[in-house]
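Quick look at protein_11.txt (compact mmCIF, C-alpha atoms):
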```
# COMPACT_ATOMS: atom_id res chain seq x y z
CA MET A 1 -20.80 -6.19 -30.35
CA LYS A 2 -20.86 -3.38 -27.78
CA ARG A 3 -17.12 -2.82 -28.32
CA MET A 4 -17.66 -2.59 -32.10
CA ALA A 5 -20.45 -0.02 -31.63
CA LEU A 6 -18.19 2.01 -29.38
CA ALA A 7 -15.46 1.97 -32.02
CA LEU A 8 -17.89 3.25 -34.65
CA LEU A 9 -19.04 6.01 -32.33
CA LEU A 10 -15.44 7.00 -31.71
CA ALA A 11 -14.81 7.27 -35.44
CA VAL A 12 -17.71 9.72 -35.76
CA ALA A 13 -17.08 11.54 -32.50
CA SER A 14 -13.43 12.40 -33.07
CA ALA A 15 -14.30 15.58 -35.00
CA GLY A 16 -15.82 17.59 -32.16
CA ALA A 17 -17.21 17.86 -28.63
CA ASP A 18 -19.11 14.76 -27.42
CA THR A 19 -20.80 13.39 -24.33
CA VAL A 20 -19.36 10.21 -22.81
CA PHE A 21 -21.84 8.35 -20.57
CA LEU A 22 -20.18 6.07 -18.00
CA LYS A 23 -21.76 2.93 -16.52
CA ASP A 24 -21.67 4.41 -13.01
CA GLY A 25 -24.01 7.23 -14.12
CA ARG A 26 -21.40 9.95 -14.60
CA LYS A 27 -20.97 11.78 -17.89
CA LEU A 28 -18.05 13.68 -19.42
CA GLU A 29 -18.27 16.32 -22.15
CA GLY A 30 -15.33 17.09 -24.41
CA HIS A 31 -13.16 15.95 -27.29
CA VAL A 32 -12.67 12.17 -27.28
CA THR A 33 -9.45 10.47 -28.43
CA ASP A 34 -9.07 6.69 -28.69
CA LYS A 35 -6.05 5.44 -26.68
CA GLY A 36 -6.48 1.71 -27.30
CA ASP A 37 -7.94 0.25 -24.12
CA SER A 38 -8.90 3.68 -22.80
CA LEU A 39 -10.33 7.00 -23.90
CA ALA A 40 -8.86 10.47 -23.35
CA VAL A 41 -11.65 13.01 -22.86
CA LYS A 42 -10.37 16.58 -23.13
CA THR A 43 -12.83 18.66 -21.08
CA LYS A 44 -12.72 22.36 -20.21
CA PHE A 45 -11.24 21.34 -16.84
CA GLY A 46 -8.47 19.15 -18.30
CA THR A 47 -7.99 15.69 -19.85
CA ILE A 48 -9.60 12.71 -18.14
CA HIS A 49 -8.68 9.09 -18.98
CA VAL A 50 -11.30 6.35 -18.66
CA LYS A 51 -11.19 2.64 -19.51
CA LYS A 52 -13.40 1.60 -22.41
CA GLU A 53 -15.01 -1.09 -20.28
CA GLU A 54 -16.35 1.72 -18.02
CA VAL A 55 -18.09 3.46 -20.93
CA ASP A 56 -21.77 2.88 -21.58
CA ARG A 57 -22.15 5.02 -24.71
CA ILE A 58 -20.88 8.09 -26.55
CA VAL A 59 -23.25 10.66 -28.03
CA GLY A 60 -21.90 12.96 -30.73
CA SER A 61 -22.40 16.75 -30.61
CA PRO A 62 -25.55 18.31 -32.13
CA THR A 63 -23.48 20.01 -34.83
CA GLU A 64 -22.11 16.64 -35.97
CA GLU A 65 -25.57 15.12 -35.90
CA TYR A 66 -26.83 18.06 -37.95
CA ALA A 67 -24.08 17.59 -40.53
CA SER A 68 -24.87 13.89 -40.76
CA ARG A 69 -28.61 14.45 -41.16
CA ARG A 70 -28.13 17.23 -43.71
CA ALA A 71 -25.77 15.13 -45.83
CA ALA A 72 -28.47 12.46 -46.12
CA LEU A 73 -30.99 14.91 -47.65
CA LYS A 74 -31.48 15.91 -51.25
CA LEU A 75 -31.74 19.66 -51.87
CA THR A 76 -35.21 19.09 -53.38
CA ASP A 77 -36.54 17.45 -50.18
CA ALA A 78 -38.54 20.36 -48.76
CA GLU A 79 -40.23 18.36 -45.97
CA GLY A 80 -36.92 16.73 -45.03
CA PHE A 81 -35.26 20.10 -44.55
CA PHE A 82 -38.30 21.36 -42.66
CA GLN A 83 -38.07 18.45 -40.21
CA LEU A 84 -34.32 18.98 -39.92
CA ALA A 85 -34.95 22.63 -39.07
CA LEU A 86 -37.38 21.62 -36.31
CA TRP A 87 -34.77 19.21 -34.94
CA CYS A 88 -32.15 22.00 -35.01
CA ARG A 89 -34.48 24.29 -33.10
CA ASP A 90 -35.04 21.61 -30.45
CA ASN A 91 -31.26 21.11 -30.14
CA ASN A 92 -30.30 24.78 -29.78
CA LEU A 93 -28.88 25.24 -33.28
CA PRO A 94 -30.65 28.47 -34.34
CA GLN A 95 -28.46 29.34 -37.33
CA GLU A 96 -28.71 25.83 -38.75
CA ALA A 97 -32.48 25.93 -38.18
CA GLN A 98 -32.78 29.19 -40.15
CA ALA A 99 -30.71 27.77 -42.99
CA SER A 100 -32.79 24.59 -43.10
CA PHE A 101 -36.09 26.47 -43.13
CA ALA A 102 -34.72 28.62 -45.98
CA GLN A 103 -33.69 25.48 -47.92
CA ALA A 104 -37.16 24.01 -47.42
CA ILE A 105 -38.61 27.15 -49.03
CA ALA A 106 -36.05 27.01 -51.84
CA ALA A 107 -37.22 23.46 -52.57
CA ASP A 108 -40.91 24.35 -52.20
CA PRO A 109 -41.69 28.11 -52.34
CA ALA A 110 -45.21 27.41 -51.00
CA HIS A 111 -44.12 25.43 -47.90
CA GLU A 112 -46.41 26.97 -45.27
CA GLY A 113 -44.67 25.54 -42.21
CA ALA A 114 -41.23 26.86 -43.19
CA HIS A 115 -42.62 30.29 -44.05
CA LYS A 116 -44.44 30.58 -40.72
CA ALA A 117 -41.36 29.40 -38.84
CA LEU A 118 -39.40 32.29 -40.39
CA GLY A 119 -42.11 34.78 -39.45
CA HIS A 120 -43.36 35.20 -43.01
CA VAL A 121 -46.86 36.41 -43.81
CA ARG A 122 -49.00 35.37 -46.78
CA VAL A 123 -50.72 38.03 -48.86
CA GLY A 124 -52.73 36.34 -51.57
CA GLU A 125 -50.39 33.75 -53.03
CA ARG A 126 -47.25 35.58 -51.94
CA TRP A 127 -45.20 34.89 -48.81
CA GLY A 128 -42.67 37.33 -47.35
CA SER A 129 -41.29 38.95 -44.23
CA LEU A 130 -42.94 42.12 -42.99
CA PRO A 131 -40.06 44.36 -44.18
CA GLU A 132 -40.21 42.75 -47.64
CA LEU A 133 -43.97 43.15 -47.92
CA LEU A 134 -43.91 46.75 -46.67
CA ALA A 135 -41.19 47.51 -49.25
CA SER A 136 -43.60 46.22 -51.90
CA VAL A 137 -46.30 48.52 -50.49
CA ASP A 138 -43.90 51.48 -50.73
CA ALA A 139 -43.26 50.64 -54.38
CA LEU A 140 -46.98 50.47 -55.11
CA ILE A 141 -47.52 53.82 -53.37
CA THR A 142 -44.79 55.42 -55.50
CA LEU A 143 -46.61 54.11 -58.59
CA GLY A 144 -49.91 55.44 -57.24
CA LYS A 145 -51.49 51.96 -57.11
CA THR A 146 -53.40 52.45 -53.88
CA GLN A 147 -55.91 49.63 -54.40
CA LYS A 148 -53.13 47.05 -54.66
CA ALA A 149 -51.33 48.67 -51.71
CA ARG A 150 -54.48 48.27 -49.60
CA ALA A 151 -54.67 44.61 -50.62
CA PHE A 152 -51.27 44.17 -48.97
CA LEU A 153 -51.90 46.36 -45.93
CA ASP A 154 -55.27 44.98 -44.80
CA PRO A 155 -54.09 41.41 -44.06
CA LEU A 156 -50.82 42.66 -42.54
CA GLN A 157 -52.39 44.77 -39.78
CA GLU A 158 -53.06 41.88 -37.38
CA THR A 159 -49.53 40.53 -37.83
CA VAL A 160 -47.99 43.96 -37.26
CA GLU A 161 -49.93 44.48 -34.05
CA THR A 162 -49.08 40.97 -32.83
CA GLN A 163 -45.32 41.32 -33.35
CA LYS A 164 -45.08 44.56 -31.34
CA ASP A 165 -42.03 45.82 -33.28
CA ALA A 166 -42.07 49.63 -32.86
CA ALA A 167 -40.16 50.43 -36.05
CA LEU A 168 -42.23 48.08 -38.24
CA THR A 169 -45.50 49.23 -36.67
CA SER A 170 -44.62 52.86 -37.35
CA ARG A 171 -43.62 51.99 -40.91
CA TYR A 172 -46.89 50.13 -41.46
CA TRP A 173 -48.98 53.10 -40.36
CA THR A 174 -46.85 55.45 -42.45
CA CYS A 175 -47.69 53.31 -45.48
CA ARG A 176 -51.34 53.43 -44.51
CA MET A 177 -51.08 57.22 -44.12
CA ASN A 178 -49.66 57.60 -47.64
CA VAL A 179 -52.38 55.42 -49.17
CA GLU A 180 -55.06 57.54 -47.50
CA LEU A 181 -53.34 60.74 -48.69
CA LEU A 182 -53.24 59.50 -52.29
CA ASP A 183 -56.92 58.54 -52.07
CA GLN A 184 -57.63 62.08 -50.78
CA ARG A 185 -58.86 60.96 -47.35
CA PRO A 186 -57.02 63.49 -45.13
CA LYS A 187 -58.84 62.63 -41.89
CA GLN A 188 -58.01 58.93 -42.21
CA ALA A 189 -54.45 59.89 -43.21
CA ALA A 190 -54.09 62.06 -40.09
CA ASP A 191 -55.39 59.21 -37.90
CA ALA A 192 -52.84 56.84 -39.46
CA ALA A 193 -50.09 59.44 -38.97
CA ASP A 194 -51.03 59.69 -35.28
CA ARG A 195 -50.67 55.93 -34.93
CA ALA A 196 -47.33 56.00 -36.76
CA ALA A 197 -46.09 58.66 -34.34
CA ALA A 198 -47.38 56.76 -31.30
CA ALA A 199 -45.50 53.62 -32.38
CA ALA A 200 -42.32 55.39 -33.47
CA THR A 201 -39.00 54.85 -31.74
CA ALA A 202 -37.52 57.68 -29.66
CA THR A 203 -35.36 58.90 -32.56
CA GLN A 204 -38.23 58.74 -35.07
CA ARG A 205 -40.88 60.25 -32.81
CA PRO A 206 -40.26 64.04 -33.19
CA LYS A 207 -40.41 63.88 -36.96
CA ALA A 208 -43.37 61.47 -36.95
CA ARG A 209 -45.31 63.81 -34.65
CA ALA A 210 -44.54 66.77 -36.90
CA VAL A 211 -45.83 64.85 -39.92
CA ALA A 212 -49.07 64.05 -38.07
CA VAL A 213 -49.54 67.72 -37.19
CA LEU A 214 -48.81 68.78 -40.78
CA ILE A 215 -51.45 66.47 -42.22
CA ARG A 216 -54.12 67.35 -39.69
CA SER A 217 -53.52 71.10 -40.05
CA SER A 218 -53.41 70.95 -43.86
CA LYS A 219 -57.12 70.01 -44.05
CA ASP A 220 -56.66 68.44 -47.49
CA GLY A 221 -53.39 66.49 -46.96
CA ARG A 222 -51.52 68.75 -49.34
CA HIS A 223 -48.74 71.34 -49.16
CA ASN A 224 -48.19 74.46 -51.22
CA VAL A 225 -44.96 74.26 -53.24
CA THR A 226 -43.54 77.62 -54.35
CA GLU A 227 -41.01 78.61 -56.99
CA ASP A 228 -38.46 79.22 -54.21
CA ASP A 229 -39.05 75.70 -52.88
CA LEU A 230 -38.06 74.20 -56.21
CA VAL A 231 -34.56 75.64 -55.82
CA VAL A 232 -34.02 73.36 -52.80
CA ALA A 233 -32.32 70.10 -53.70
CA LEU A 234 -34.77 67.27 -53.00
CA GLY A 235 -34.46 63.50 -52.80
CA GLY A 236 -34.79 61.24 -55.78
CA GLY A 237 -31.77 62.06 -57.93
CA SER A 238 -31.15 60.98 -61.49
CA GLU A 239 -32.87 57.60 -60.97
CA ASP A 240 -36.15 59.20 -59.83
CA LEU A 241 -38.60 58.53 -62.68
CA ARG A 242 -41.38 60.73 -61.30
CA ASP A 243 -42.42 63.95 -62.98
CA PRO A 244 -40.56 67.02 -61.64
CA LEU A 245 -42.42 69.08 -59.06
CA THR A 246 -44.14 72.24 -60.21
CA PRO A 247 -45.46 75.19 -58.19
CA GLY A 248 -48.85 74.47 -56.67
CA ARG A 249 -50.52 72.31 -54.05
CA HIS A 250 -49.25 68.73 -53.93
CA THR A 251 -49.99 65.66 -51.82
CA LEU A 252 -47.89 65.06 -48.70
CA ALA A 253 -47.66 61.40 -49.78
CA ASP A 254 -44.90 62.58 -52.13
CA ASP A 255 -41.69 62.38 -50.07
CA ARG A 256 -40.31 65.44 -51.88
CA VAL A 257 -43.32 67.53 -50.87
CA LEU A 258 -43.18 66.22 -47.31
CA ALA A 259 -39.50 67.19 -47.12
CA LEU A 260 -40.38 70.76 -48.16
CA ALA A 261 -43.20 70.92 -45.60
CA LEU A 262 -40.87 69.69 -42.84
CA ARG A 263 -38.31 72.27 -43.89
CA ASP A 264 -40.92 74.95 -43.24
CA VAL A 265 -41.50 73.47 -39.76
CA ALA A 266 -37.75 73.54 -39.17
CA ARG A 267 -37.57 77.18 -40.25
CA ALA A 268 -40.29 78.04 -37.73
CA ASP A 269 -38.34 76.28 -34.95
CA ILE A 270 -35.20 78.18 -35.89
CA ALA A 271 -37.06 81.50 -35.80
CA LEU A 272 -38.35 80.72 -32.30
CA GLY A 273 -34.87 79.63 -31.27
CA LYS A 274 -33.41 82.93 -32.50
CA LYS A 275 -35.96 84.83 -30.41
CA SER A 276 -34.98 82.83 -27.31
CA LEU A 277 -31.28 83.35 -28.08
CA ASP A 278 -31.74 87.12 -28.36
CA GLU A 279 -33.62 87.17 -25.05
CA GLY A 280 -30.74 85.31 -23.42
CA ASP A 281 -28.28 87.87 -24.77
CA THR A 282 -30.19 90.72 -23.10
CA LEU A 283 -30.11 88.85 -19.76
CA ALA A 284 -26.53 87.54 -19.86
CA GLY A 285 -25.07 90.58 -18.10
CA SER A 286 -27.65 90.76 -15.30
CA ASP A 287 -29.15 87.30 -14.75
CA ARG A 288 -26.96 84.39 -15.83
CA ALA A 289 -29.41 81.72 -14.65
CA ARG A 290 -32.27 83.09 -16.78
CA ALA A 291 -29.94 83.65 -19.72
CA LEU A 292 -28.79 80.02 -19.49
CA ARG A 293 -32.41 78.84 -19.54
CA CYS A 294 -33.03 80.91 -22.68
CA TYR A 295 -29.96 79.45 -24.40
CA ARG A 296 -31.03 75.93 -23.49
CA ALA A 297 -34.52 76.60 -24.85
CA ALA A 298 -32.96 77.83 -28.10
CA GLU A 299 -30.77 74.74 -28.31
CA ALA A 300 -33.85 72.52 -27.86
CA LEU A 301 -35.66 74.31 -30.70
CA TYR A 302 -32.63 73.94 -32.96
CA ASN A 303 -32.53 70.24 -32.04
CA GLY A 304 -36.13 70.05 -33.21
CA ALA A 305 -35.17 71.65 -36.52
CA ASN A 306 -32.50 68.98 -36.95
CA ASP A 307 -35.07 66.26 -36.28
CA MET A 308 -37.15 67.62 -39.17
CA VAL A 309 -34.24 68.16 -41.59
CA PRO A 310 -30.92 66.55 -40.57
CA GLY A 311 -28.18 69.17 -40.22
CA PHE A 312 -30.54 72.09 -40.85
CA GLY A 313 -30.22 73.53 -37.34
CA ARG A 314 -26.60 72.61 -36.68
CA PRO A 315 -25.02 76.08 -37.17
CA HIS A 316 -27.65 77.57 -34.86
CA GLN A 317 -27.09 74.84 -32.28
CA ILE A 318 -23.42 75.75 -32.18
CA GLU A 319 -24.29 79.39 -31.49
CA ALA A 320 -26.55 78.38 -28.60
CA VAL A 321 -23.85 76.12 -27.17
CA ARG A 322 -21.16 78.80 -27.47
CA ARG A 323 -23.28 81.09 -25.34
CA GLN A 324 -23.86 78.38 -22.71
CA ILE A 325 -20.20 77.43 -22.30
CA PRO A 326 -18.89 80.56 -20.50
CA ILE A 327 -21.88 80.58 -18.13
CA LEU A 328 -21.52 76.88 -17.33
CA MET A 329 -17.76 77.07 -16.90
CA SER A 330 -18.12 80.12 -14.64
CA ASP A 331 -20.78 78.31 -12.59
CA ALA A 332 -18.60 75.22 -12.38
CA ASP A 333 -15.62 77.29 -11.21
CA GLU A 334 -17.74 79.00 -8.56
CA CYS A 335 -19.06 75.66 -7.28
CA PHE A 336 -15.58 74.16 -7.42
CA ARG A 337 -14.09 76.96 -5.33
CA GLY A 338 -17.02 76.85 -2.92
CA ALA A 339 -16.69 73.10 -2.40
CA LEU A 340 -12.94 73.41 -1.85
CA ALA A 341 -13.41 76.23 0.68
CA ALA A 342 -15.95 74.17 2.64
CA SER A 343 -13.91 70.94 2.54
CA PRO A 344 -13.66 69.54 6.11
CA LEU A 345 -10.31 68.00 5.17
CA ASP A 346 -8.66 71.41 5.37
CA LYS A 347 -10.32 72.58 8.60
CA ARG A 348 -9.56 72.27 12.31
CA TYR A 349 -12.47 71.73 14.66
CA GLU A 350 -12.61 72.15 18.42
CA MET A 351 -12.23 68.76 20.07
CA THR A 352 -12.19 67.50 23.67
CA THR A 353 -11.66 64.24 25.54
CA ASN A 354 -14.76 62.74 27.16
CA ALA A 355 -14.95 60.76 30.41
CA GLY A 356 -14.23 57.54 28.56
CA GLY A 357 -11.02 58.90 27.09
CA ARG A 358 -12.39 59.33 23.55
CA THR A 359 -11.66 62.43 21.48
CA VAL A 360 -14.95 64.07 20.47
CA PHE A 361 -16.24 67.36 19.07
CA THR A 362 -17.04 70.19 21.42
CA PRO A 363 -20.52 71.67 20.85
CA LYS A 364 -18.93 74.50 18.83
CA GLY A 365 -16.70 72.05 16.92
CA LEU A 366 -19.68 69.87 16.05
CA ALA A 367 -21.73 72.88 14.90
CA ASP A 368 -18.85 74.08 12.67
CA PHE A 369 -18.36 70.57 11.25
CA GLN A 370 -22.05 70.12 10.43
CA ASP A 371 -22.17 73.58 8.84
CA ASP A 372 -19.14 72.83 6.61
CA LYS A 373 -20.60 69.44 5.70
CA ARG A 374 -23.90 71.01 4.56
CA THR A 375 -22.05 73.74 2.66
CA PHE A 376 -19.75 71.24 0.93
CA ASN A 377 -22.65 68.97 -0.08
CA THR A 378 -24.57 71.94 -1.48
CA TRP A 379 -21.65 73.18 -3.57
CA PHE A 380 -20.74 69.67 -4.66
CA GLY A 381 -24.31 68.91 -5.74
CA LYS A 382 -24.40 72.07 -7.87
CA LEU A 383 -20.96 71.29 -9.31
CA ASP A 384 -21.97 67.75 -10.22
CA GLU A 385 -25.16 68.96 -11.93
CA THR A 386 -23.28 71.67 -13.84
CA PHE A 387 -20.48 69.31 -14.87
CA GLN A 388 -22.95 66.73 -16.20
CA GLU A 389 -24.47 69.44 -18.40
CA ILE A 390 -20.99 70.42 -19.58
CA LEU A 391 -20.20 66.79 -20.46
CA ARG A 392 -23.48 66.50 -22.38
CA LEU A 393 -22.57 69.46 -24.53
CA GLN A 394 -18.94 68.40 -24.89
CA GLU A 395 -20.02 65.01 -26.24
CA LYS A 396 -22.15 66.67 -28.93
CA PHE A 397 -19.85 69.64 -29.66
CA PRO A 398 -16.28 68.62 -28.71
CA GLU A 399 -14.65 71.28 -30.88
CA GLU A 400 -16.34 74.04 -28.85
CA PHE A 401 -14.56 72.90 -25.68
CA GLU A 402 -10.99 72.94 -27.01
CA LYS A 403 -10.23 76.16 -25.10
CA GLN A 404 -11.57 74.71 -21.84
CA LYS A 405 -9.16 71.77 -21.53
CA GLU A 406 -7.25 73.13 -18.53
CA ALA A 407 -10.39 73.95 -16.53
CA MET A 408 -11.97 70.61 -17.43
CA THR A 409 -8.84 68.76 -16.29
CA GLU A 410 -8.87 70.60 -12.94
CA ILE A 411 -12.53 69.73 -12.31
CA ARG A 412 -12.04 66.08 -13.32
CA LYS A 413 -9.07 65.82 -10.95
CA PHE A 414 -11.23 67.22 -8.15
CA PHE A 415 -13.85 64.53 -8.82
CA SER A 416 -11.32 61.70 -9.03
CA ASP A 417 -8.93 62.67 -6.20
CA ARG A 418 -10.39 65.14 -3.72
CA VAL A 419 -14.05 64.12 -3.59
CA PRO A 420 -13.40 60.47 -2.55
CA ALA A 421 -11.05 61.69 0.21
CA ILE A 422 -13.60 64.22 1.49
CA ARG A 423 -16.37 61.62 1.38
CA GLN A 424 -14.21 59.19 3.34
CA PHE A 425 -13.46 61.86 5.96
CA LEU A 426 -17.15 62.68 6.34
CA ASN A 427 -18.08 58.99 6.68
CA ASP A 428 -15.37 58.42 9.30
CA ALA A 429 -16.52 61.46 11.26
CA GLU A 430 -20.14 60.31 11.13
CA ARG A 431 -19.17 56.89 12.48
CA LYS A 432 -17.27 58.51 15.36
CA LEU A 433 -20.29 60.69 16.18
CA LYS A 434 -22.37 57.54 16.61
```
For this file, write the structure as structure tokens.
Amino acid sequence: MKRMALALLLAVASAGADTVFLKDGRKLEGHVTDKGDSLAVKTKFGTIHVKKEEVDRIVGSPTEEYASRRAALKLTDAEGFFQLALWCRDNNLPQEAQASFAQAIAADPAHEGAHKALGHVRVGERWGSLPELLASVDALITLGKTQKARAFLDPLQETVETQKDAALTSRYWTCRMNVELLDQRPKQAADAADRAAAAATATQRPKARAVAVLIRSSKDGRHNVTEDDLVVALGGGSEDLRDPLTPGRHTLADDRVLALALRDVARADIALGKKSLDEGDTLAGSDRARALRCYRAAEALYNGANDMVPGFGRPHQIEAVRRQIPILMSDADECFRGALAASPLDKRYEMTTNAGGRTVFTPKGLADFQDDKRTFNTWFGKLDETFQEILRLQEKFPEEFEKQKEAMTEIRKFFSDRVPAIRQFLNDAERKLK
């Protein structure tokens, strides 16, 4: 009887990885092949042959068990698929668990357990994931149906705060902000905008903060749209069914109006950046360090403009970078030459033989060595800092560094070849001093 059961198990197990339990307590995991009186178990370490009489039992892989259990279920058996999903979760089959939970919902759209297992939330009689439900809120906001939007948002708040997903939390509070704007509650809208900005991811945060400032400073949650603004191409396109914008004061809940308001913020950043750029130009001939700080400040302001309106500050960024490059390359060259000149590898120091027969520095030789070491480390530290700044800019603006290839290659070679040799020399010398 035991032999017959083993044969049946082998017939099932032949399709995949299995666990073979031996009577002496050992177990083997791998692909099992029936060899008559013995079994060949192909493990990750090689093939092992065991006699059938030594085998206690064979357990098929979880994936095979899943396939067997699933085949026994009807597609309309919601509870069966729910229990199968729980079994999959307990047996480390996450994808199969997700599929089984989904099938349980397909069989019974109101199956609470399956919905909760997938992280769904119920609003009224409707179940959905947070992204799905927030998309519904966005649609209601576009239609101006704030009461229905609130009916979605109120029960979602606890779930949003529990999940601690930065992007979803920021999106939730942005929806709340737009509802408050449409209901002409600017203070509550500004509070919601602050919470959206606080939850935003690093890439979202600058824009989210600007939106919060716009709403709070607007007093009424609106922005003045001019005739000139209407010339600017705004989102929406041919499928946008909303009425065209007209000159006048409009709610910032309208994404088109918000885009125009953010463009004004970006223009202000660019104007400040231009002022900083001009100041750098007046200093470039007399104080390179201060000029570089001005150019970096301008670049940061232009970055801010890009955060508000993608691509809006790019041409100005390039101008700021072009002014930084010659200063940085000149600084790098100066540091490079200084580090080379101070390199202990190319120096000769006064040495003497002590009473024990060891070669050591003379007092003057030691003083010269320590002086060169300090000088090299100073120049190298400045070079490393300057080169990191160059690499940062090169990554963002590679085309602006095309003319600097030769100098960049020389500096890279210094870092890869000379610096390790100098460091090794310094370490060896320090050990000898001890």
Sel. within 12 Å of pt (-25.4, 72.0, -7.0), counting only C-alpha atoms, output as a list in words: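 It turns out the residues near that spot are Asp331, Ala332, Asp333, Glu334, Cys335, Phe336, Gly338, Ala339, Arg374, Thr375, Phe376, Asn377, Thr378, Trp379, Phe380, Gly381, Lys382, Leu383, Asp384, Glu385, Thr386, Phe387, Gln388 and Glu389 of chain A.
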Atom pair atom CA of A:Ala193 / atom CA of A:Glu158: separation (Å): 17.9 Å
Edge lengths and centre in Å, axis-aligned, stretch 335-348 of chain A plus 4 Å each side, as lines of an AutoDock Vina configuration file:
```
center_x = -13.9
center_y = 72.5
center_z = 2.4
size_x = 18.4
size_y = 17.0
size_z = 27.7
```
Got a sec: who's within 10 Å of A:Ser170, counting only C-alpha atoms, leaving out chain neighbours fewer than 4 positions off, as a list of chain:residue names? A:Val160, A:Asp165, A:Ala166, A:Thr174, A:Cys175, A:Arg176, A:Ala192, A:Ala193, A:Asp194, A:Arg195, A:Ala196, A:Ala197, A:Ala198, A:Ala199, A:Ala200, A:Thr201, A:Gln204, A:Arg205, A:Ala208
Can you write out the residues you just picked, keeping C-alpha atoms, as a tab-separated table (two decimals), in the frame of the given file?
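So the final result, stored in selection-v4.tsv, reads:
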```tsv
chain	number	residue	atom	x	y	z
A	160	VAL	CA	-47.99	43.96	-37.26
A	165	ASP	CA	-42.03	45.82	-33.28
A	166	ALA	CA	-42.07	49.63	-32.86
A	174	THR	CA	-46.85	55.45	-42.45
A	175	CYS	CA	-47.69	53.31	-45.48
A	176	ARG	CA	-51.34	53.43	-44.51
A	192	ALA	CA	-52.84	56.84	-39.46
A	193	ALA	CA	-50.09	59.44	-38.97
A	194	ASP	CA	-51.03	59.69	-35.28
A	195	ARG	CA	-50.67	55.93	-34.93
A	196	ALA	CA	-47.33	56.00	-36.76
A	197	ALA	CA	-46.09	58.66	-34.34
A	198	ALA	CA	-47.38	56.76	-31.30
A	199	ALA	CA	-45.50	53.62	-32.38
A	200	ALA	CA	-42.32	55.39	-33.47
A	201	THR	CA	-39.00	54.85	-31.74
A	204	GLN	CA	-38.23	58.74	-35.07
A	205	ARG	CA	-40.88	60.25	-32.81
A	208	ALA	CA	-43.37	61.47	-36.95
```
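Closest approach to A:Phe81 from the set A:Asp108, A:Asp18, A:Asp255, A:Glu65 is made by A:Asp108, with distances taken over all atoms listed in the file.
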Give me, please, the distance in Å between atom CA of A:Leu277 and atom CA of A:Asp229, quoted to one decimal.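 Atom CA of A:Leu277 sits 27.1 Å away from atom CA of A:Asp229.
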Just checking: using only C-alpha atoms, which residue out of A:Tyr172, A:Ala291, A:Leu366, A:Gly144 ends up closest to A:Arg242?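 Selected residue with least distance to A:Arg242: A:Gly144.
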In file coordinates, which residues lie within 12 Å of (-42.7, 28.7, -36.7) using only C-alpha atoms, given as a VMD selection string? chain A and resid 82 to 83 85 to 86 89 97 to 98 101 111 to 121
In Å, how far is it from atom CA of A:Gln424 to atom CA of A:Ser343?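 Between these atoms lies a distance of 11.8 Å.
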If we count only C-alpha atoms, what is near A:Asp191 at a cut-off of 12 Å, once residues fewer than 4 positions away on the same chain are taken out, given as a list in words?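 Skipping anything fewer than 4 positions along the chain leaves Trp173, Thr174, Arg176, Met177, Asn178, Glu180, Leu181, Arg185, Pro186, Lys187, Arg195, Ala196, Ala197, Ala198, Arg209, Val211, Ala212, Val213, Leu214, Ile215, Arg216 and Gly221 of chain A.
With only C-alpha atoms taken into account, the protein and nucleic acid residues at most 10 Å from stretch 245-250 of chain A (excluding it and anything under 6 positions from it in its own chain) are Asp220, Gly221, Arg222, His223, Asn224, Val225, Thr226, Glu227, Asp228, Asp229, Leu230, Leu234, Arg256, Val257 and Leu258 of chain A.
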Got a sec: who's within 10 Å of A:Leu345, counting all atoms listed in the file, leaving out chain neighbours fewer than 4 positions off, as a count of residues only? 9
Rank A:Lys35, A:Glu96, A:Thr47, A:Ala429 by their smallest atom-to-atom distance to A:Arg69, using all atoms listed in the file, and report the top residue only. A:Glu96
Shell of 10 Å around A:Gln404, all atoms listed in the file, local chain residues under 5 positions omitted, as a PyMOL selection string: chain A and resi 325-326+329+409
